[in-house]
>>> print(open('data_23.cif').read())   # mmCIF, C-alpha atoms
data_protein
loop_
_atom_site.label_atom_id
_atom_site.label_comp_id
_atom_site.auth_asym_id
_atom_site.auth_seq_id
_atom_site.Cartn_x
_atom_site.Cartn_y
_atom_site.Cartn_z
CA MET A 262 -134.01 -152.08 159.96
CA ILE A 263 -135.01 -148.96 158.04
CA ASP A 264 -136.12 -147.29 161.25
CA LYS A 265 -132.79 -148.07 162.89
CA MET A 266 -130.81 -146.71 159.93
CA LEU A 267 -132.90 -143.55 159.97
CA LEU A 268 -132.40 -143.20 163.71
CA ALA A 269 -128.64 -143.57 163.22
CA ALA A 270 -128.76 -140.81 160.58
CA LEU A 271 -130.65 -138.55 162.98
CA VAL A 272 -128.09 -139.23 165.73
CA LEU A 273 -125.20 -138.42 163.36
CA ILE A 274 -126.79 -135.14 162.32
CA GLY A 275 -127.35 -134.34 165.99
CA ILE A 276 -123.67 -134.95 166.70
CA ALA A 277 -122.83 -132.59 163.82
CA ILE A 278 -125.09 -129.90 165.32
CA LEU A 279 -123.40 -130.33 168.72
CA GLY A 280 -119.96 -129.92 167.13
CA CYS A 281 -121.07 -126.77 165.34
CA THR A 282 -122.47 -125.40 168.60
CA TYR A 283 -119.15 -126.08 170.33
CA ARG A 284 -117.26 -124.12 167.69
CA LEU A 285 -119.90 -121.39 167.76
CA LEU A 286 -119.42 -120.88 171.50
CA ARG A 287 -115.67 -121.44 171.57
CA GLY A 288 -114.37 -119.98 168.30
CA PRO A 289 -111.45 -117.59 168.65
CA SER A 290 -112.33 -115.22 165.84
CA LEU A 291 -115.61 -113.91 164.52
CA SER A 292 -115.17 -115.74 161.21
CA ASP A 293 -115.08 -119.06 163.05
CA ARG A 294 -118.43 -118.26 164.57
CA ILE A 295 -119.89 -117.25 161.22
CA ALA A 296 -118.65 -120.41 159.49
CA SER A 297 -120.01 -122.58 162.27
CA LEU A 298 -123.33 -120.72 162.19
CA ASP A 299 -123.57 -121.40 158.46
CA THR A 300 -122.82 -125.09 159.00
CA LEU A 301 -125.31 -125.16 161.88
CA GLY A 302 -128.08 -123.88 159.63
CA ILE A 303 -127.22 -126.36 156.90
CA CYS A 304 -127.15 -129.28 159.35
CA THR A 305 -130.50 -128.18 160.82
CA LEU A 306 -131.86 -128.28 157.27
CA ALA A 307 -130.66 -131.88 156.92
CA LEU A 308 -132.20 -132.72 160.31
CA ILE A 309 -135.59 -131.34 159.24
CA ALA A 310 -135.38 -133.34 155.99
CA ALA A 311 -134.62 -136.55 157.91
CA VAL A 312 -137.47 -135.89 160.35
CA SER A 313 -139.88 -135.38 157.47
CA LEU A 314 -138.68 -138.70 156.03
CA LYS A 315 -139.19 -140.40 159.39
CA TYR A 316 -142.76 -139.16 159.87
CA ASN A 317 -143.75 -139.44 156.18
CA THR A 318 -144.99 -135.90 155.99
CA GLN A 319 -144.49 -133.09 153.51
CA VAL A 320 -145.35 -130.07 155.60
CA TYR A 321 -141.71 -129.37 156.49
CA PHE A 322 -140.50 -128.74 152.94
CA ASP A 323 -141.38 -125.06 153.19
CA VAL A 324 -139.25 -124.92 156.33
CA ILE A 325 -136.32 -126.42 154.40
CA LEU A 326 -136.56 -123.83 151.65
CA VAL A 327 -136.94 -120.84 153.98
CA LEU A 328 -134.16 -122.02 156.31
CA GLY A 329 -131.75 -122.40 153.38
CA ILE A 330 -132.49 -118.87 152.18
CA LEU A 331 -132.21 -117.38 155.67
CA THR A 332 -128.90 -119.12 156.36
CA PHE A 333 -127.39 -117.80 153.15
CA ILE A 334 -128.65 -114.25 153.71
CA GLY A 335 -127.41 -114.24 157.29
CA THR A 336 -123.96 -115.51 156.34
CA VAL A 337 -123.60 -112.94 153.56
CA ALA A 338 -124.72 -110.09 155.83
CA LEU A 339 -122.35 -111.08 158.67
CA ALA A 340 -119.40 -111.56 156.29
CA ARG A 341 -119.98 -108.14 154.75
CA TYR A 342 -120.26 -106.65 158.21
CA ILE A 343 -116.92 -107.93 159.42
CA GLU A 344 -115.25 -107.12 156.10
CA ARG A 345 -116.31 -103.50 155.68
CA GLY A 346 -118.18 -102.51 158.80
CA VAL A 347 -121.48 -101.94 157.00
CA VAL A 348 -124.10 -104.33 155.67
CA LEU A 349 -125.88 -102.16 153.14
CA GLU A 350 -123.81 -99.63 151.25
CA SER A 351 -125.29 -96.32 150.23
CA GLY A 352 -123.36 -96.07 146.96
CA ASP A 353 -121.69 -92.70 147.38
CA ARG A 354 -118.73 -94.07 149.30
CA THR A 355 -115.56 -94.42 147.27
CA ASN A 356 -113.91 -97.55 148.56
CA ASP A 357 -111.33 -99.73 146.92
CA HIS A 358 -112.29 -103.36 146.83
CA MET B 147 -138.55 -152.56 149.12
CA ILE B 148 -135.01 -152.36 147.79
CA ILE B 149 -135.69 -148.72 146.88
CA GLU B 150 -136.26 -147.90 150.54
CA TYR B 151 -132.95 -149.44 151.55
CA ILE B 152 -131.12 -147.50 148.85
CA VAL B 153 -132.79 -144.24 149.86
CA VAL B 154 -132.10 -144.68 153.57
CA GLY B 155 -128.51 -145.67 152.70
CA VAL B 156 -128.09 -142.38 150.83
CA VAL B 157 -129.51 -140.50 153.83
CA LEU B 158 -127.16 -142.33 156.20
CA PHE B 159 -124.18 -141.55 153.94
CA GLY B 160 -125.11 -137.87 153.98
CA ALA B 161 -125.51 -137.86 157.75
CA LEU B 162 -122.06 -139.44 158.09
CA PHE B 163 -120.56 -136.68 155.97
CA CYS B 164 -122.36 -134.06 158.08
CA ALA B 165 -120.79 -135.55 161.20
CA LEU B 166 -117.34 -135.62 159.54
CA GLY B 167 -117.67 -131.96 158.55
CA ALA B 168 -118.55 -131.01 162.12
CA PHE B 169 -115.61 -133.10 163.35
CA GLY B 170 -113.30 -131.12 161.07
CA LEU B 171 -114.92 -127.91 162.30
CA VAL B 172 -114.07 -128.86 165.87
CA ARG B 173 -110.58 -130.28 165.37
CA LEU B 174 -108.82 -128.27 162.66
CA PRO B 175 -106.51 -125.46 163.82
CA ASP B 176 -107.34 -122.51 161.58
CA VAL B 177 -110.36 -120.59 160.34
CA TYR B 178 -109.49 -121.34 156.71
CA LEU B 179 -109.04 -125.07 157.29
CA ARG B 180 -112.22 -125.12 159.35
CA SER B 181 -114.08 -123.34 156.58
CA HIS B 182 -112.69 -125.92 154.13
CA ALA B 183 -114.06 -128.82 156.19
CA ALA B 184 -117.36 -127.14 156.99
CA THR B 185 -118.16 -125.97 153.48
CA LYS B 186 -117.23 -128.98 151.39
CA SER B 187 -118.15 -132.03 153.39
CA ALA B 188 -121.19 -130.57 155.13
CA THR B 189 -122.53 -129.44 151.76
CA LEU B 190 -122.04 -132.91 150.32
CA GLY B 191 -123.74 -134.46 153.33
CA VAL B 192 -126.74 -132.16 153.23
CA LEU B 193 -127.12 -132.64 149.49
CA CYS B 194 -127.10 -136.42 149.96
CA VAL B 195 -129.72 -136.22 152.73
CA LEU B 196 -131.99 -133.97 150.67
CA LEU B 197 -131.51 -136.15 147.59
CA GLY B 198 -132.46 -139.23 149.58
CA VAL B 199 -135.62 -137.58 150.89
CA PHE B 200 -136.48 -136.37 147.38
CA LEU B 201 -136.00 -139.87 145.92
CA TYR B 202 -138.09 -141.40 148.70
CA PHE B 203 -141.02 -139.09 148.11
CA TRP B 204 -140.68 -139.52 144.36
CA LEU B 205 -140.19 -143.27 144.01
CA VAL B 206 -142.03 -144.68 147.03
CA LEU B 207 -144.87 -142.23 147.60
CA ALA B 208 -145.07 -141.08 143.93
CA HIS B 209 -145.00 -137.42 144.81
CA LEU B 210 -142.57 -135.25 142.85
CA SER B 211 -141.75 -132.40 145.19
CA ILE B 212 -140.65 -129.29 143.34
CA LYS B 213 -140.06 -127.44 146.59
CA LEU B 214 -137.47 -129.96 147.74
CA LEU B 215 -135.79 -129.90 144.33
CA LEU B 216 -135.60 -126.12 144.59
CA GLY B 217 -134.09 -126.45 148.06
CA ILE B 218 -131.43 -128.86 146.74
CA LEU B 219 -130.55 -126.46 143.93
CA PHE B 220 -130.42 -123.48 146.28
CA VAL B 221 -128.13 -125.20 148.81
CA PHE B 222 -125.92 -126.46 145.99
CA ILE B 223 -125.46 -122.94 144.62
CA THR B 224 -125.29 -120.82 147.75
CA SER B 225 -123.25 -122.85 150.23
CA PRO B 226 -119.87 -122.54 148.40
CA VAL B 227 -120.59 -118.85 147.79
CA ALA B 228 -121.16 -118.32 151.51
CA GLY B 229 -117.95 -120.20 152.35
CA HIS B 230 -115.94 -118.10 149.92
CA LEU B 231 -117.40 -114.83 151.25
CA ASN B 232 -116.61 -115.86 154.80
CA GLY B 233 -113.03 -116.81 153.94
CA ARG B 234 -112.42 -113.55 152.10
CA ALA B 235 -113.87 -111.54 154.99
CA ALA B 236 -111.66 -113.47 157.41
CA TYR B 237 -108.51 -112.73 155.38
CA ARG B 238 -109.32 -109.06 154.91
CA SER B 239 -110.18 -108.55 158.55
CA GLY B 240 -106.75 -109.85 159.46
CA VAL B 241 -107.25 -113.34 160.87
CA LYS B 242 -103.86 -115.03 161.12
CA LEU B 243 -103.05 -118.22 159.27
CA TRP B 244 -101.99 -121.34 161.09
CA LYS B 245 -98.31 -121.24 162.05
CA ASN B 246 -97.48 -124.32 159.94
CA SER B 247 -99.16 -123.04 156.79
CA VAL B 248 -96.87 -123.34 153.79
CA ARG B 249 -97.69 -120.37 151.58
CA ASP B 250 -99.92 -117.35 151.37
CA ASP B 251 -100.68 -116.27 147.83
CA LEU B 252 -102.41 -113.03 148.79
CA ASP B 253 -99.58 -111.70 150.93
CA HIS B 254 -97.83 -109.53 148.33
CA LYS B 255 -101.11 -107.98 147.26
CA LYS B 256 -102.03 -107.01 150.75
CA GLY B 257 -98.56 -105.71 151.58
CA SER B 258 -98.92 -105.51 155.31
CA PRO B 259 -95.79 -106.50 157.25
CA SER B 260 -97.79 -107.66 160.23
CA ASP B 261 -98.51 -111.20 159.10
CA THR B 262 -95.11 -112.26 157.87
CA GLU B 263 -93.70 -114.39 160.60
#
>>> encode(input="data_23.cif", output="structure tokens")
Amino acid sequence: MIDKMLLAALVLIGIAILGCTYRLLRGPSLSDRIASLDTLGICTLALIAAVSLKYNTQVYFDVILVLGILTFIGTVALARYIERGVVLESGDRTNDH
Amino acid sequence: MIIEYIVVGVVLFGALFCALGAFGLVRLPDVYLRSHAATKSATLGVLCVLLGVFLYFWLVLAHLSIKLLLGILFVFITSPVAGHLNGRAAYRSGVKLWKNSVRDDLDHKKGSPSDTE
């Protein structure tokens, strides 16, 4: 019973990843793709957590932490890129926020 | 034994919310509405999945994983921040609202006549 419930959870997270991939390939604007990429990373994190629960192992917890950090950094960098055209500012530009 | 059922129930609840967030991401008509669905419900789902895994390793296997707790805290803090940054970048780069949207509070501040339909 527990194995079947866990398998159902894995299938649901897989459906979520497929939906995010559809919006990532289809999305009309660049912000759609960034939002779906962020959700894709978060859902992959949940998938890795469920897999580590299924196989009773702890070696994937580092992957969870690093994937969360990388998803956040990537989303922030892409959002800054489409907002201002640069990712890292040099400081001597005078721009109004 | 009952602990395992509770933990797997929490994981299944979180997976259901992940699937609902992706369903909203596919079906909703606008980048802002899609960001609403993706950020809130997917964050809740992932937090429930991670909390279930954390409780399983804590209560069943008696291993308190600080790394997983740190991951839960990090996702809880950074996912709404990322959603807000993405929405602000979408508005400032000129993505149109849905045609049946009721009001736009930032319109007078921006002052561009292009998006008043």
>>> closest_residue(input="data_23.cif", among="B:Phe159, B:Arg173, B:Ile149, B:Val206", to="Gly280 in chain A", atoms="all atoms listed in the file")
B:Arg173
>>> closest_atom_pairs(input="data_23.cif", of="chain B", to="chain A", cutoff="9 Å", atoms="only C-alpha atoms", output="tab-separated table")
residue	atom	partner	partner_atom	distance
B:Glu150	CA	A:Ile263	CA	7.7
B:Tyr151	CA	A:Ile263	CA	6.8
B:Val154	CA	A:Leu267	CA	6.5
B:Gly155	CA	A:Met266	CA	7.7
B:Val157	CA	A:Ala270	CA	6.8
B:Leu158	CA	A:Ala270	CA	4.9
B:Phe159	CA	A:Ala270	CA	8.1
B:Gly160	CA	A:Ala270	CA	8.1
B:Ala161	CA	A:Ala270	CA	5.2
B:Leu162	CA	A:Leu273	CA	6.2
B:Phe163	CA	A:Leu273	CA	8.9
B:Cys164	CA	A:Ala277	CA	5.9
B:Ala165	CA	A:Ala277	CA	4.4
B:Leu166	CA	A:Ala277	CA	7.6
B:Gly167	CA	A:Ala277	CA	7.4
B:Ala168	CA	A:Ala277	CA	4.9
B:Phe169	CA	A:Gly280	CA	6.6
B:Leu171	CA	A:Cys281	CA	7.0
B:Val172	CA	A:Arg284	CA	6.0
B:Asp176	CA	A:Asp293	CA	8.6
B:Val177	CA	A:Asp293	CA	5.7
B:Tyr178	CA	A:Asp293	CA	8.8
B:Arg180	CA	A:Asp293	CA	7.7
B:Ser181	CA	A:Ala296	CA	6.2
B:Ala184	CA	A:Thr300	CA	6.2
B:Thr185	CA	A:Thr300	CA	7.3
B:Ala188	CA	A:Thr300	CA	6.9
B:Thr189	CA	A:Ile303	CA	7.6
B:Gly191	CA	A:Ala307	CA	8.2
B:Val192	CA	A:Ala307	CA	5.4
B:Leu193	CA	A:Ala307	CA	8.3
B:Val195	CA	A:Ala307	CA	6.1
B:Leu196	CA	A:Ala310	CA	6.3
B:Gly198	CA	A:Leu314	CA	9.0
B:Val199	CA	A:Leu314	CA	6.1
B:Tyr202	CA	A:Leu314	CA	7.8
B:Phe203	CA	A:Leu314	CA	8.3
B:Ser211	CA	A:Phe322	CA	8.7
B:Lys213	CA	A:Phe322	CA	6.5
B:Leu214	CA	A:Phe322	CA	6.1
B:Leu216	CA	A:Leu326	CA	7.5
B:Gly217	CA	A:Leu326	CA	5.1
B:Ile218	CA	A:Leu326	CA	8.7
B:Phe220	CA	A:Gly329	CA	7.3
B:Val221	CA	A:Gly329	CA	6.5
B:Thr224	CA	A:Phe333	CA	6.5
B:Ser225	CA	A:Phe333	CA	7.2
B:Val227	CA	A:Phe333	CA	8.7
B:Ala228	CA	A:Thr336	CA	6.3
B:Gly229	CA	A:Ala296	CA	7.2
B:Leu231	CA	A:Ala340	CA	6.3
B:Asn232	CA	A:Ala340	CA	5.3
B:Gly233	CA	A:Ser292	CA	7.7
B:Arg234	CA	A:Glu344	CA	8.1
B:Ala235	CA	A:Glu344	CA	4.8
B:Ala236	CA	A:Ser292	CA	5.6
B:Tyr237	CA	A:Glu344	CA	8.8
B:Arg238	CA	A:Glu344	CA	6.4
B:Ser239	CA	A:Glu344	CA	5.8
B:Val241	CA	A:Ser290	CA	7.4
>>> atom_distance(input="data_23.cif", atom1="CA of Leu331 in chain A", atom2="CA of Leu179 in chain B")
24.5 Å
>>> atom_distance(input="data_23.cif", atom1="CA of Leu207 in chain B", atom2="CA of Val320 in chain A")
14.6 Å
>>> residues_around(input="data_23.cif", residues="Leu201 in chain B", least_positions_apart="4", cutoff="7 Å", atoms="all atoms listed in the file", output="ChimeraX atom specification")
/B:153,197,205
>>> atom_distance(input="data_23.cif", atom1="CA of Phe200 in chain B", atom2="CA of Leu219 in chain B")
12.1 Å
